[in-house]
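> Contents of my_file.csv (CSV, C-alpha atoms and all ligand atoms):
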chain,number,residue,atom,x,y,z
A,1,MET,CA,-18.8,27.7,155.9
A,2,ASP,CA,-16.6,30.0,158.1
A,3,ASP,CA,-16.4,33.6,157.1
A,4,ASP,CA,-12.6,33.6,157.2
A,5,ILE,CA,-12.3,31.2,154.3
A,6,THR,CA,-11.6,32.3,150.8
A,7,VAL,CA,-12.7,30.2,147.9
A,8,ALA,CA,-11.4,31.2,144.5
A,9,PHE,CA,-10.0,30.1,141.2
A,10,VAL,CA,-6.3,29.4,141.3
A,11,PRO,CA,-3.5,28.1,139.0
A,12,ALA,CA,-3.4,24.3,138.7
A,13,GLN,CA,-0.1,24.1,140.5
A,14,THR,CA,-1.7,25.5,143.7
A,15,THR,CA,-3.9,22.4,143.9
A,16,TRP,CA,-1.5,19.6,143.2
A,17,SER,CA,0.1,19.1,146.6
A,18,LEU,CA,-3.2,18.7,148.5
A,19,ARG,CA,-4.6,16.5,145.6
A,20,GLN,CA,-1.6,14.3,145.9
A,21,GLN,CA,-1.7,14.1,149.7
A,22,VAL,CA,-5.4,13.3,149.9
A,23,LEU,CA,-6.2,11.3,146.8
A,24,ARG,CA,-2.8,9.6,145.9
A,25,PRO,CA,-0.8,9.4,149.1
A,26,GLY,CA,2.6,7.9,148.4
A,27,ARG,CA,2.6,8.8,144.7
A,28,LEU,CA,4.5,11.4,142.9
A,29,ILE,CA,2.8,14.6,142.0
A,30,SER,CA,3.5,13.9,138.4
A,31,ASP,CA,1.3,10.8,138.7
A,32,CYS,CA,-1.6,12.9,139.9
A,33,LEU,CA,-2.0,15.2,136.9
A,34,TYR,CA,-5.2,14.8,134.8
A,35,ARG,CA,-5.4,14.8,131.0
A,36,GLY,CA,-7.0,18.0,130.0
A,37,GLU,CA,-6.5,19.9,133.2
A,38,ASP,CA,-4.3,22.4,131.3
A,39,ASP,CA,-7.1,23.0,128.8
A,40,PRO,CA,-7.8,26.8,128.6
A,41,ARG,CA,-11.5,26.1,129.5
A,42,ALA,CA,-10.6,24.1,132.6
A,43,ALA,CA,-10.9,25.7,136.0
A,44,HIS,CA,-9.1,24.9,139.3
A,45,ALA,CA,-10.6,26.1,142.6
A,46,ALA,CA,-9.2,26.1,146.1
A,47,ALA,CA,-10.2,27.2,149.6
A,48,TRP,CA,-7.8,28.6,152.2
A,49,PRO,CA,-8.1,30.5,155.5
A,50,ALA,CA,-7.0,34.0,154.5
A,51,PRO,CA,-8.2,37.0,152.7
A,52,PRO,CA,-8.1,36.9,148.9
A,53,ALA,CA,-4.5,36.9,147.8
A,54,PRO,CA,-3.0,37.2,144.3
A,55,ALA,CA,-0.8,34.2,145.0
A,56,VAL,CA,-1.9,31.7,147.7
A,57,ASP,CA,0.7,29.6,149.4
A,58,ARG,CA,-0.1,26.1,148.5
A,59,ALA,CA,0.9,24.9,152.0
A,60,VAL,CA,-2.3,26.6,153.5
A,61,VAL,CA,-4.7,25.2,150.9
A,62,LEU,CA,-7.6,23.4,152.6
A,63,ALA,CA,-9.7,22.1,149.8
A,64,VAL,CA,-9.3,21.8,146.0
A,65,GLY,CA,-11.1,20.6,142.8
A,66,VAL,CA,-11.1,21.0,139.1
A,67,VAL,CA,-13.5,20.9,136.1
A,68,LEU,CA,-12.3,20.2,132.6
A,69,PRO,CA,-14.0,19.6,129.3
A,70,GLU,CA,-14.5,15.9,128.8
A,71,ALA,CA,-17.5,14.0,127.3
A,72,PRO,CA,-19.1,11.5,129.6
A,73,PRO,CA,-18.1,7.9,128.7
A,74,TRP,CA,-21.7,7.0,127.9
A,75,GLU,CA,-22.0,9.8,125.3
A,76,ALA,CA,-18.5,10.2,123.9
A,77,ASN,CA,-19.5,12.6,121.1
A,78,ARG,CA,-21.2,15.1,123.4
A,79,LEU,CA,-19.5,18.5,122.9
A,80,ASP,CA,-20.8,20.1,126.2
A,81,GLY,CA,-19.4,17.5,128.6
A,82,TRP,CA,-17.5,18.6,131.6
A,83,ARG,CA,-15.7,16.3,134.1
A,84,LEU,CA,-15.2,17.1,137.8
A,85,ARG,CA,-12.0,15.7,139.3
A,86,GLY,CA,-9.6,15.9,142.2
A,87,MET,CA,-12.1,17.0,144.9
A,88,ALA,CA,-10.1,16.9,148.1
A,89,THR,CA,-10.3,18.5,151.6
A,90,ARG,CA,-7.5,18.3,154.1
A,91,GLU,CA,-8.6,15.8,156.7
A,92,THR,CA,-8.7,18.2,159.6
A,93,ALA,CA,-10.9,20.6,157.7
A,94,ARG,CA,-13.6,18.2,156.5
A,95,GLY,CA,-17.3,18.6,157.3
A,96,ARG,CA,-17.2,22.4,157.4
A,97,GLY,CA,-18.6,23.1,153.9
A,98,LEU,CA,-15.3,23.7,152.1
A,99,GLY,CA,-15.8,20.9,149.6
A,100,THR,CA,-19.3,22.2,148.9
A,101,ALA,CA,-18.0,25.7,148.4
A,102,VAL,CA,-15.3,24.5,145.9
A,103,LEU,CA,-17.9,22.4,144.1
A,104,ASP,CA,-20.3,25.4,143.8
A,105,LEU,CA,-17.6,27.6,142.3
A,106,LEU,CA,-16.7,24.9,139.8
A,107,ILE,CA,-20.4,24.5,138.8
A,108,ALA,CA,-20.5,28.3,138.4
A,109,HIS,CA,-17.5,28.1,136.0
A,110,VAL,CA,-19.3,25.5,133.9
A,111,SER,CA,-22.4,27.6,133.9
A,112,SER,CA,-20.5,30.7,132.7
A,113,HIS,CA,-18.8,28.7,130.0
A,114,GLY,CA,-21.9,27.5,128.2
A,115,GLY,CA,-23.2,24.9,130.7
A,116,GLY,CA,-23.7,21.3,129.8
A,117,LEU,CA,-23.4,17.9,131.3
A,118,LEU,CA,-21.2,17.7,134.3
A,119,TRP,CA,-20.1,14.3,135.6
A,120,CYS,CA,-17.6,12.5,137.8
A,121,ASN,CA,-16.5,9.1,139.1
A,122,ALA,CA,-17.4,9.7,142.7
A,123,ARG,CA,-15.8,7.8,145.6
A,124,THR,CA,-18.8,6.2,147.4
A,125,PRO,CA,-18.1,7.9,150.8
A,126,ALA,CA,-18.5,11.2,149.0
A,127,LEU,CA,-21.7,10.5,147.2
A,128,HIS,CA,-23.8,12.7,149.5
A,129,LEU,CA,-21.7,15.7,148.7
A,130,TYR,CA,-22.6,15.4,145.0
A,131,GLN,CA,-26.3,14.5,145.7
A,132,ARG,CA,-26.7,17.7,147.7
A,133,ALA,CA,-25.3,19.6,144.7
A,134,GLY,CA,-28.0,18.1,142.3
A,135,PHE,CA,-26.0,15.2,140.9
A,136,VAL,CA,-27.7,11.9,140.3
A,137,PRO,CA,-26.1,8.4,140.0
A,138,ARG,CA,-25.7,6.5,136.8
A,139,GLY,CA,-25.1,2.7,136.7
A,140,GLU,CA,-23.8,0.5,139.4
A,141,VAL,CA,-21.0,0.9,141.9
A,142,PHE,CA,-17.7,-0.1,140.4
A,143,GLU,CA,-14.2,-0.7,141.8
A,144,ILE,CA,-11.1,1.3,140.8
A,145,PRO,CA,-8.1,-0.8,141.8
A,146,GLU,CA,-6.1,0.6,144.8
A,147,ILE,CA,-8.6,3.4,145.3
A,148,GLY,CA,-11.9,1.7,146.1
A,149,PRO,CA,-15.6,1.8,145.1
A,150,HIS,CA,-17.0,4.5,142.9
A,151,ARG,CA,-20.2,5.5,141.2
A,152,ILE,CA,-20.8,7.8,138.2
A,153,MET,CA,-22.6,11.0,139.3
A,154,TRP,CA,-23.9,13.6,136.8
A,155,ARG,CA,-26.1,16.6,136.4
A,156,THR,CA,-26.9,19.2,133.8
A,157,VAL,CA,-25.7,22.7,134.4
A,158,PRO,CA,-27.6,25.6,132.7
A,159,ALA,CA,-25.7,28.3,130.9
A,160,THR,CA,-25.5,31.6,132.6
A,161,PRO,CA,-27.3,34.1,130.3
A,162,GLY,CA,-24.9,36.6,128.8
A,163,PRO,CA,-22.6,37.2,125.9
A,164,PRO,CA,-21.0,34.1,124.3
A,165,PHE,CA,-17.8,33.0,126.0
A,166,LEU,CA,-14.6,32.5,124.0
A,201,LIG,C1,-15.3,14.4,149.9
A,201,LIG,C2,-14.6,15.6,150.5
A,201,LIG,C3,-13.9,16.3,149.3
A,201,LIG,C4,-15.7,16.5,151.1
A,201,LIG,O1,-15.1,17.7,151.5
A,201,LIG,P1,-15.6,18.5,152.8
A,201,LIG,O2,-14.9,19.8,152.8
A,201,LIG,O3,-15.6,17.7,154.0
A,201,LIG,O4,-17.1,18.7,152.2
A,201,LIG,P2,-18.4,19.4,153.0
A,201,LIG,O5,-18.0,19.8,154.4
A,201,LIG,O6,-18.8,20.5,152.0
A,201,LIG,O7,-19.4,18.3,152.9
A,201,LIG,C5,-19.2,17.1,153.7
A,201,LIG,C6,-19.7,16.0,152.8
A,201,LIG,O8,-18.6,15.2,152.4
A,201,LIG,C7,-18.8,13.8,152.6
A,201,LIG,N1,-17.7,13.3,153.3
A,201,LIG,C8,-16.9,12.2,152.9
A,201,LIG,N2,-16.0,12.0,153.8
A,201,LIG,C9,-16.1,12.8,154.8
A,201,LIG,C10,-15.4,13.1,156.0
A,201,LIG,N3,-14.3,12.3,156.3
A,201,LIG,N4,-15.8,14.0,156.8
A,201,LIG,C11,-16.8,14.8,156.5
A,201,LIG,N5,-17.5,14.6,155.3
A,201,LIG,C12,-17.2,13.7,154.5
A,201,LIG,C13,-20.1,13.7,153.3
A,201,LIG,O9,-21.0,13.1,152.4
A,201,LIG,C14,-20.5,15.0,153.6
A,201,LIG,O10,-21.8,15.2,153.2
A,201,LIG,P3,-23.0,15.5,154.2
A,201,LIG,O11,-22.5,16.5,155.2
A,201,LIG,O12,-24.1,16.0,153.3
A,201,LIG,O13,-23.2,14.1,154.8
A,201,LIG,C15,-13.6,15.2,151.6
A,201,LIG,O14,-14.3,14.5,152.6
A,201,LIG,C16,-12.4,14.4,151.2
A,201,LIG,O15,-11.4,15.0,150.7
A,201,LIG,N6,-12.5,13.1,151.2
A,201,LIG,C17,-11.4,12.2,150.8
A,201,LIG,C18,-11.1,12.3,149.3
A,201,LIG,C19,-12.4,12.0,148.5
A,201,LIG,O16,-13.1,11.1,148.8
A,201,LIG,N7,-12.6,12.9,147.5
A,201,LIG,C20,-13.8,12.8,146.7
A,201,LIG,C21,-13.4,12.0,145.5
A,201,LIG,S1,-14.9,11.8,144.5
Please lay out the structure from this file as structure tokens.

Amino acid sequence: MDDDITVAFVPAQTTWSLRQQVLRPGRLISDCLYRGEDDPRAAHAAAWPAPPAPAVDRAVVLAVGVVLPEAPPWEANRLDGWRLRGMATRETARGRGLGTAVLDLLIAHVSSHGGGLLWCNARTPALHLYQRAGFVPRGEVFEIPEIGPHRIMWRTVPATPGPPFL
């Protein structure tokens, strides 16, 4: 990834515009919000071409993603489940490692918050991104109406040793 890119945790609102443009074009931003993304344990990450700034302008955001606590559908009682959602890179910035950098930061968040089972419904063109990050597929490819083919991808994330998190 380019040296002049910053990847950091950001407020949820910073990610919404790019998420809407890439993943739900034509829909309202209010239709693009995820249940649980305001959970205090959730984390939103973004990449942008600038030095670290206390408040990044959402117009320059190039890549985004979120992790939030959610048990996987095949193990609904699991307490250490985390779901990855909203992975999106601006079309002109793809293939430069920004998605991978956002994903790495979100995995690090899960690790520093007790670790567990991290899963997502991955769009099939993006499967390799998750495979490279240690995810494996579960079940068959399935169709989400109006969006396209998906496959569940998952991995375990070890907890970072250290004092217990709150
Ligand atoms: C998937 C996505 C987030 C990857 O972001 P990125 O910044 O290009 O990611 P990286 O540069 O770190 O890695 C590129 C990987 O993304 C995947 N990819 C999917 N579409 C791509 C595209 N149009 N251009 C480049 N890579 C693409 C490839 O598998 C590639 O992996 P590879 O290099 O190992 O083959 C981005 O392509 C995107 O926003 N796609 C449209 C929305 C989407 O499908 N989101 C994922 C929902 S599960």
> So, with all atoms listed in the file as the atoms that count, which of A:Glu146, A:Asp2, A:Ala47, A:Val10 lies closest to Arg27 of chain A?
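Between A:Glu146, A:Asp2, A:Ala47, A:Val10, the residue approaching Arg27 of chain A most closely is A:Glu146.
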> Taking 3 positions as the minimum chain separation for residues in the same chain, which residues sit within 9 Å of Gly139 of chain A when counting only C-alpha atoms? Answer as a PyMOL selection string.
chain A and resi 142+151-152
> Show me which residues line ligand LIG 201 (chain A), defined as having an atom within 10 Å of a ligand atom where all atoms listed in the file count, and present them as an mmCIF file with C-alpha atoms, in the coordinates of the input.

data_model
loop_
_atom_site.group_PDB
_atom_site.id
_atom_site.type_symbol
_atom_site.label_atom_id
_atom_site.label_comp_id
_atom_site.auth_asym_id
_atom_site.auth_seq_id
_atom_site.Cartn_x
_atom_site.Cartn_y
_atom_site.Cartn_z
ATOM 1 C CA MET A 1 -18.800 27.700 155.900
ATOM 2 C CA LEU A 18 -3.200 18.700 148.500
ATOM 3 C CA ARG A 19 -4.600 16.500 145.600
ATOM 4 C CA GLN A 21 -1.700 14.100 149.700
ATOM 5 C CA VAL A 22 -5.400 13.300 149.900
ATOM 6 C CA LEU A 23 -6.200 11.300 146.800
ATOM 7 C CA ARG A 24 -2.800 9.600 145.900
ATOM 8 C CA ALA A 47 -10.200 27.200 149.600
ATOM 9 C CA LEU A 62 -7.600 23.400 152.600
ATOM 10 C CA ALA A 63 -9.700 22.100 149.800
ATOM 11 C CA VAL A 64 -9.300 21.800 146.000
ATOM 12 C CA GLY A 65 -11.100 20.600 142.800
ATOM 13 C CA LEU A 84 -15.200 17.100 137.800
ATOM 14 C CA ARG A 85 -12.000 15.700 139.300
ATOM 15 C CA GLY A 86 -9.600 15.900 142.200
ATOM 16 C CA MET A 87 -12.100 17.000 144.900
ATOM 17 C CA ALA A 88 -10.100 16.900 148.100
ATOM 18 C CA THR A 89 -10.300 18.500 151.600
ATOM 19 C CA ARG A 90 -7.500 18.300 154.100
ATOM 20 C CA GLU A 91 -8.600 15.800 156.700
ATOM 21 C CA THR A 92 -8.700 18.200 159.600
ATOM 22 C CA ALA A 93 -10.900 20.600 157.700
ATOM 23 C CA ARG A 94 -13.600 18.200 156.500
ATOM 24 C CA GLY A 95 -17.300 18.600 157.300
ATOM 25 C CA ARG A 96 -17.200 22.400 157.400
ATOM 26 C CA GLY A 97 -18.600 23.100 153.900
ATOM 27 C CA LEU A 98 -15.300 23.700 152.100
ATOM 28 C CA GLY A 99 -15.800 20.900 149.600
ATOM 29 C CA THR A 100 -19.300 22.200 148.900
ATOM 30 C CA ALA A 101 -18.000 25.700 148.400
ATOM 31 C CA VAL A 102 -15.300 24.500 145.900
ATOM 32 C CA LEU A 103 -17.900 22.400 144.100
ATOM 33 C CA ASP A 104 -20.300 25.400 143.800
ATOM 34 C CA CYS A 120 -17.600 12.500 137.800
ATOM 35 C CA ASN A 121 -16.500 9.100 139.100
ATOM 36 C CA ALA A 122 -17.400 9.700 142.700
ATOM 37 C CA ARG A 123 -15.800 7.800 145.600
ATOM 38 C CA THR A 124 -18.800 6.200 147.400
ATOM 39 C CA PRO A 125 -18.100 7.900 150.800
ATOM 40 C CA ALA A 126 -18.500 11.200 149.000
ATOM 41 C CA LEU A 127 -21.700 10.500 147.200
ATOM 42 C CA HIS A 128 -23.800 12.700 149.500
ATOM 43 C CA LEU A 129 -21.700 15.700 148.700
ATOM 44 C CA TYR A 130 -22.600 15.400 145.000
ATOM 45 C CA GLN A 131 -26.300 14.500 145.700
ATOM 46 C CA ARG A 132 -26.700 17.700 147.700
ATOM 47 C CA ALA A 133 -25.300 19.600 144.700
ATOM 48 C CA ILE A 147 -8.600 3.400 145.300
ATOM 49 C CA GLY A 148 -11.900 1.700 146.100
ATOM 50 C CA HIS A 150 -17.000 4.500 142.900
ATOM 51 C CA ARG A 151 -20.200 5.500 141.200
ATOM 52 C CA ILE A 152 -20.800 7.800 138.200
ATOM 53 C CA MET A 153 -22.600 11.000 139.300
#
> Measuring atom to atom with only C-alpha atoms, identify which of A:Asp3, A:Asp80, A:Asp38, A:Glu143 is nearest to Gly115 of chain A.
A:Asp80
> Fewer than 5 positions away in the same chain doesn't count, so skip those; otherwise give me all residues within 8 Å of Thr14 of chain A, counting only C-alpha atoms, as a PDB file with C-alpha atoms, keeping the file's coordinate frame.

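Produced file selection32.pdb, reproduced below:
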ATOM      1  CA  ALA A  46      -9.200  26.100 146.100  1.00  0.00           C
ATOM      2  CA  VAL A  56      -1.900  31.700 147.700  1.00  0.00           C
ATOM      3  CA  ASP A  57       0.700  29.600 149.400  1.00  0.00           C
ATOM      4  CA  ARG A  58      -0.100  26.100 148.500  1.00  0.00           C
ATOM      5  CA  VAL A  61      -4.700  25.200 150.900  1.00  0.00           C
TER       6      VAL A  61
END
> By how many Å are atom CA of Trp119 of chain A and atom CA of Thr156 of chain A apart?
8.6 Å
> Smallest atom-to-atom distance to Gly116 of chain A: which of A:Pro69, A:Val141, A:Phe135, A:Gly162, using all atoms listed in the file?
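Of A:Pro69, A:Val141, A:Phe135, A:Gly162, the one nearest Gly116 of chain A, counting all atoms listed in the file, is A:Pro69.
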> For the atom pair atom CA of Ser30 of chain A and atom CA of Ala8 of chain A, what is the interatomic distance in Å to one decimal place?
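For atom CA of Ser30 of chain A relative to atom CA of Ala8 of chain A, the distance reads 23.6 Å.
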> What is the distance, in Å and to one decimal place, between atom CA of Asn77 of chain A and atom CA of Gly134 of chain A?
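Here the two named atoms are 23.5 Å from each other.
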> Determine the nearest neighbour of Leu117 of chain A from the options A:Ala50, A:Val136, A:Val7, A:Val60, counting only C-alpha atoms.
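Nearest to Leu117 of chain A: A:Val136.
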> Would you mind listing what lies within 10 Å of Pro158 of chain A as a compact mmCIF listing (two decimals) with C-alpha atoms, in the coordinates of the input, with all atoms listed in the file counted and same-chain residues fewer than 5 positions away left out?

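Heads up, here's the output in part_38.txt:
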# COMPACT_ATOMS: atom_id res chain seq x y z
CA ILE A 107 -20.40 24.50 138.80
CA ALA A 108 -20.50 28.30 138.40
CA VAL A 110 -19.30 25.50 133.90
CA SER A 111 -22.40 27.60 133.90
CA SER A 112 -20.50 30.70 132.70
CA HIS A 113 -18.80 28.70 130.00
CA GLY A 114 -21.90 27.50 128.20
CA GLY A 115 -23.20 24.90 130.70
CA GLY A 116 -23.70 21.30 129.80
CA LEU A 117 -23.40 17.90 131.30
> When you count only C-alpha atoms, which of these residues is closest to Ser17 of chain A: A:Val67, A:Ala43, A:Leu106, A:Ala59?
A:Ala59
> Restore N, CA and C atoms in segment 7-32 of chain A and list the result as an mmCIF file, in the frame of the given file.

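To be explicit, this is the file written out as out_26.cif:
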data_model
loop_
_atom_site.group_PDB
_atom_site.id
_atom_site.type_symbol
_atom_site.label_atom_id
_atom_site.label_comp_id
_atom_site.auth_asym_id
_atom_site.auth_seq_id
_atom_site.Cartn_x
_atom_site.Cartn_y
_atom_site.Cartn_z
ATOM 1 N N VAL A 7 -12.611 31.209 148.920
ATOM 2 C CA VAL A 7 -12.700 30.200 147.900
ATOM 3 C C VAL A 7 -12.620 30.879 146.545
ATOM 4 N N ALA A 8 -11.667 30.465 145.726
ATOM 5 C CA ALA A 8 -11.400 31.200 144.500
ATOM 6 C C ALA A 8 -10.760 30.293 143.456
ATOM 7 N N PHE A 9 -10.754 30.760 142.204
ATOM 8 C CA PHE A 9 -10.000 30.100 141.200
ATOM 9 C C PHE A 9 -8.528 30.312 141.358
ATOM 10 N N VAL A 10 -7.736 29.297 141.107
ATOM 11 C CA VAL A 10 -6.300 29.400 141.300
ATOM 12 C C VAL A 10 -5.572 28.666 140.178
ATOM 13 N N PRO A 11 -4.269 28.898 140.029
ATOM 14 C CA PRO A 11 -3.500 28.100 139.000
ATOM 15 C C PRO A 11 -3.499 26.641 139.424
ATOM 16 N N ALA A 12 -3.419 25.798 138.424
ATOM 17 C CA ALA A 12 -3.400 24.300 138.700
ATOM 18 C C ALA A 12 -2.406 23.931 139.716
ATOM 19 N N GLN A 13 -1.208 24.496 139.625
ATOM 20 C CA GLN A 13 -0.100 24.100 140.500
ATOM 21 C C GLN A 13 -0.451 24.258 141.982
ATOM 22 N N THR A 14 -1.324 25.211 142.289
ATOM 23 C CA THR A 14 -1.700 25.500 143.700
ATOM 24 C C THR A 14 -2.457 24.293 144.272
ATOM 25 N N THR A 15 -3.094 23.494 143.434
ATOM 26 C CA THR A 15 -3.900 22.400 143.900
ATOM 27 C C THR A 15 -3.208 21.073 144.018
ATOM 28 N N TRP A 16 -2.060 20.952 143.375
ATOM 29 C CA TRP A 16 -1.500 19.600 143.200
ATOM 30 C C TRP A 16 -1.024 18.966 144.489
ATOM 31 N N SER A 17 -0.445 19.747 145.404
ATOM 32 C CA SER A 17 0.100 19.100 146.600
ATOM 33 C C SER A 17 -1.042 18.505 147.453
ATOM 34 N N LEU A 18 -2.130 19.242 147.660
ATOM 35 C CA LEU A 18 -3.200 18.700 148.500
ATOM 36 C C LEU A 18 -3.891 17.511 147.733
ATOM 37 N N ARG A 19 -4.045 17.651 146.419
ATOM 38 C CA ARG A 19 -4.600 16.500 145.600
ATOM 39 C C ARG A 19 -3.797 15.269 145.840
ATOM 40 N N GLN A 20 -2.482 15.420 145.765
ATOM 41 C CA GLN A 20 -1.600 14.300 145.900
ATOM 42 C C GLN A 20 -1.711 13.666 147.322
ATOM 43 N N GLN A 21 -1.679 14.549 148.342
ATOM 44 C CA GLN A 21 -1.700 14.100 149.700
ATOM 45 C C GLN A 21 -2.995 13.312 150.052
ATOM 46 N N VAL A 22 -4.142 13.845 149.563
ATOM 47 C CA VAL A 22 -5.400 13.300 149.900
ATOM 48 C C VAL A 22 -5.829 12.100 149.023
ATOM 49 N N LEU A 23 -5.612 12.271 147.715
ATOM 50 C CA LEU A 23 -6.200 11.300 146.800
ATOM 51 C C LEU A 23 -5.146 10.255 146.302
ATOM 52 N N ARG A 24 -3.857 10.596 146.340
ATOM 53 C CA ARG A 24 -2.800 9.600 145.900
ATOM 54 C C ARG A 24 -1.650 9.636 146.836
ATOM 55 N N PRO A 25 -1.880 9.388 148.143
ATOM 56 C CA PRO A 25 -0.800 9.400 149.100
ATOM 57 C C PRO A 25 0.310 8.406 148.669
ATOM 58 N N GLY A 26 1.550 8.840 148.781
ATOM 59 C CA GLY A 26 2.600 7.900 148.400
ATOM 60 C C GLY A 26 3.037 7.983 146.971
ATOM 61 N N ARG A 27 2.247 8.695 146.159
ATOM 62 C CA ARG A 27 2.600 8.800 144.700
ATOM 63 C C ARG A 27 3.251 10.101 144.430
ATOM 64 N N LEU A 28 3.920 10.162 143.295
ATOM 65 C CA LEU A 28 4.500 11.400 142.900
ATOM 66 C C LEU A 28 3.456 12.374 142.386
ATOM 67 N N ILE A 29 3.717 13.674 142.558
ATOM 68 C CA ILE A 29 2.800 14.600 142.000
ATOM 69 C C ILE A 29 2.581 14.474 140.540
ATOM 70 N N SER A 30 3.636 14.124 139.850
ATOM 71 C CA SER A 30 3.500 13.900 138.400
ATOM 72 C C SER A 30 2.577 12.803 138.024
ATOM 73 N N ASP A 31 2.296 11.903 138.973
ATOM 74 C CA ASP A 31 1.300 10.800 138.700
ATOM 75 C C ASP A 31 -0.112 11.264 138.981
ATOM 76 N N CYS A 32 -0.261 12.478 139.503
ATOM 77 C CA CYS A 32 -1.600 12.900 139.900
ATOM 78 C C CYS A 32 -2.194 13.959 138.973
#
